[in-house]
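Down below is the structure, laid out as structure tokens.
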Amino acid sequence: MTYGIEFVPGNVNVKQVVNFCKLAESKDIDYAWITNHYNNRHCYAVLAAVAQATSSIKIGPGIMNSFTDTPAAMASFFCTLNEISDGRATLGIGPGDLSTLPKIAIQGDKPVARLEEAVVQIRKLCAGEQVNKSGMKFFDYDGAKLTGVTLPGKKGVPVYIGAQGPKVLELAGKIGDGALINASNPKDFHIAIPIIKKASDAVGKKNFDIGAYTAMSIDKSEKKARNSAKIVAAFIAAGSPPALLERHGLDLNNVAKIKAALGKFDFKSVGELVGDKEIDAFTIAGTPEMVKAKCEDLTKAGVTQIIFGSPLGPDMTTSIRLLGKYVI
């Protein structure tokens with residue numbers, strides 16, 4: 001088992017992210033994943049700052065996409081970050097947030113096919129190849145080559161695919177080194193892991209890293225920890241399809257009320273509507289003992305990397321220290 005941690009450079013500034021990553025490194029956390037959203041501080045710059053301030057933790061975007069960034073740009077970025085970090089860079093990439101892209105005048109057409117082409121081209125460029133026309137639909141490069149970067153060598157690019165739906169899970173098993181799956185409950189991994197395994201077995205792949213990109217909230221006070229997780233649980237529930245809600249035995253009418261309250265920014269009502277079922281379905285929240293037990297459940301389900309994601313808890317510094325002391 002390895003452990004990762006996620007930071008969102010929107011609710012915390014760059015210096016805070018750097019300090020949190022240094023603390024996470026001191027607590028033996030293996031990976032730092034920095035989210036990538038156009039409306040927040042750019043993950044490229046944040047990761048460069050983290051790279052220079054740390055020495056052992058692996059770092060990467062969680063996650064990029066091939067709509068807002070081209071494969072050539074991502075390949076150049078990866079090689080640069082890998083150089084700055086002395087070989088600690090990883091690349092998280094996914095199909096893109098199809099609810100956000102239209103806001104920036106991007107139509108998210110054919111996201112899975114586009115993602116596959118992007119990963120192929122990134123790997124070729126990072127291997128030092130000149131990429132010539134091959135009939136690709138989205139990224140049919142014509143003589144592209146990285147000439148002013150330090151290439152990663154035989155290690156290549158560790159590619160983690162951000163995946164949830166069956167098509168992307170299958171693609172992750174086929175072309176990825178790992179998957180970052182937005183889920184905190186073993187029930188979801190009982191569905192996802194067999195899809196990945198079937199695809200990875202078909203291409204003879206071994207040592208695939210199954211990452212649980214959890215919504216984590218830890219505190220010595222159970223009440224404080226679970227209260228901190230309510231808003232995150234509410235947003236996840238509101239954006240989940242009925243089949244997923246039914247998998248976790250949630251009341252669809254109550255979730256509809258949660259969604260309506262979120263739409264009105266009525267967070268008081270959201271807090272009253274979100275109960276233990278929503279929290280336990282979509283987050284890992286509670287005391288160190290509760291969190292450790294739930295992480296062990298994920299391990300039994302086949303997860304090989306647990307990523308401690310937002311909100312982390314009522315106080316992020318305290319949360320990282322508690323995770324280091326009681327969970328890792």
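Every chain in the structure tokens has a letter given in the order shown (A, B, ...), and although residue numbers restart at 1 in each chain, ligands are simply numbered from 1 in the order shown.
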Could you go through range 43-118 of chain A and tell me which residues DSSP, when run on the backbone, assigns to strand (DSSP E), listing them as a PyMOL selection string?
chain A and resi 58-61+64-65+91-94
Compile the contact shell of range 313-319 of chain A as a list in words: residues with an atom at most 10 Å away, counting only C-alpha atoms, same-chain residues fewer than 5 positions apart removed.
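Answer for this query is Asn19, Phe20, Leu23, Ala24, Ala215, Met216, Ser217, Ile218, Asp219, Lys220, Ser221, Lys224, Ala225, Arg226, Asn227, Ser228, Ala229, Ala285, Gly286, Pro288, Phe308, Gly324 and Lys325 of chain A.
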Could you give me, as JSON, numbers by chain, each residue of range 41-231 of chain A that DSSP assigns to alpha helix (DSSP H) when run on this structure's backbone?
{"A": [43, 44, 45, 46, 47, 48, 49, 50, 51, 52, 53, 71, 72, 73, 74, 75, 76, 77, 78, 79, 80, 81, 82, 83, 84, 111, 112, 113, 114, 115, 116, 117, 118, 119, 120, 121, 122, 123, 124, 125, 126, 166, 167, 168, 169, 170, 171, 172, 173, 174, 175, 186, 187, 188, 189, 190, 191, 192, 193, 194, 195, 196, 197, 198, 199, 200, 201, 202, 222, 223, 224, 225, 226, 227, 228, 229, 230, 231]}
Sorted by chain and rising residue number, list the residues of range 149-189 of chain A at most 12 Å from range 41-60 of chain A (counting only C-alpha atoms), each with its closest atom pair and distance in Å to one decimal, as a tab-separated table.
```
residue	atom	partner	partner_atom	distance
A:Val157	CA	A:Gly60	CA	11.0
A:Pro158	CA	A:Gly60	CA	9.7
A:Val159	CA	A:Gly60	CA	9.8
A:Tyr160	CA	A:Gly60	CA	9.6
A:Leu180	CA	A:Gly60	CA	11.9
```
Using only C-alpha atoms, can you tell me which of A:Gly275, A:Gly92, A:Gly156, A:Gly302 comes closest to Phe189 in chain A?
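The shortest atom-to-atom distance to Phe189 in chain A comes from A:Gly302.
A straight line drawn from CA of Ala192 in chain A to CA of Asn253 in chain A is 26.4 Å long.
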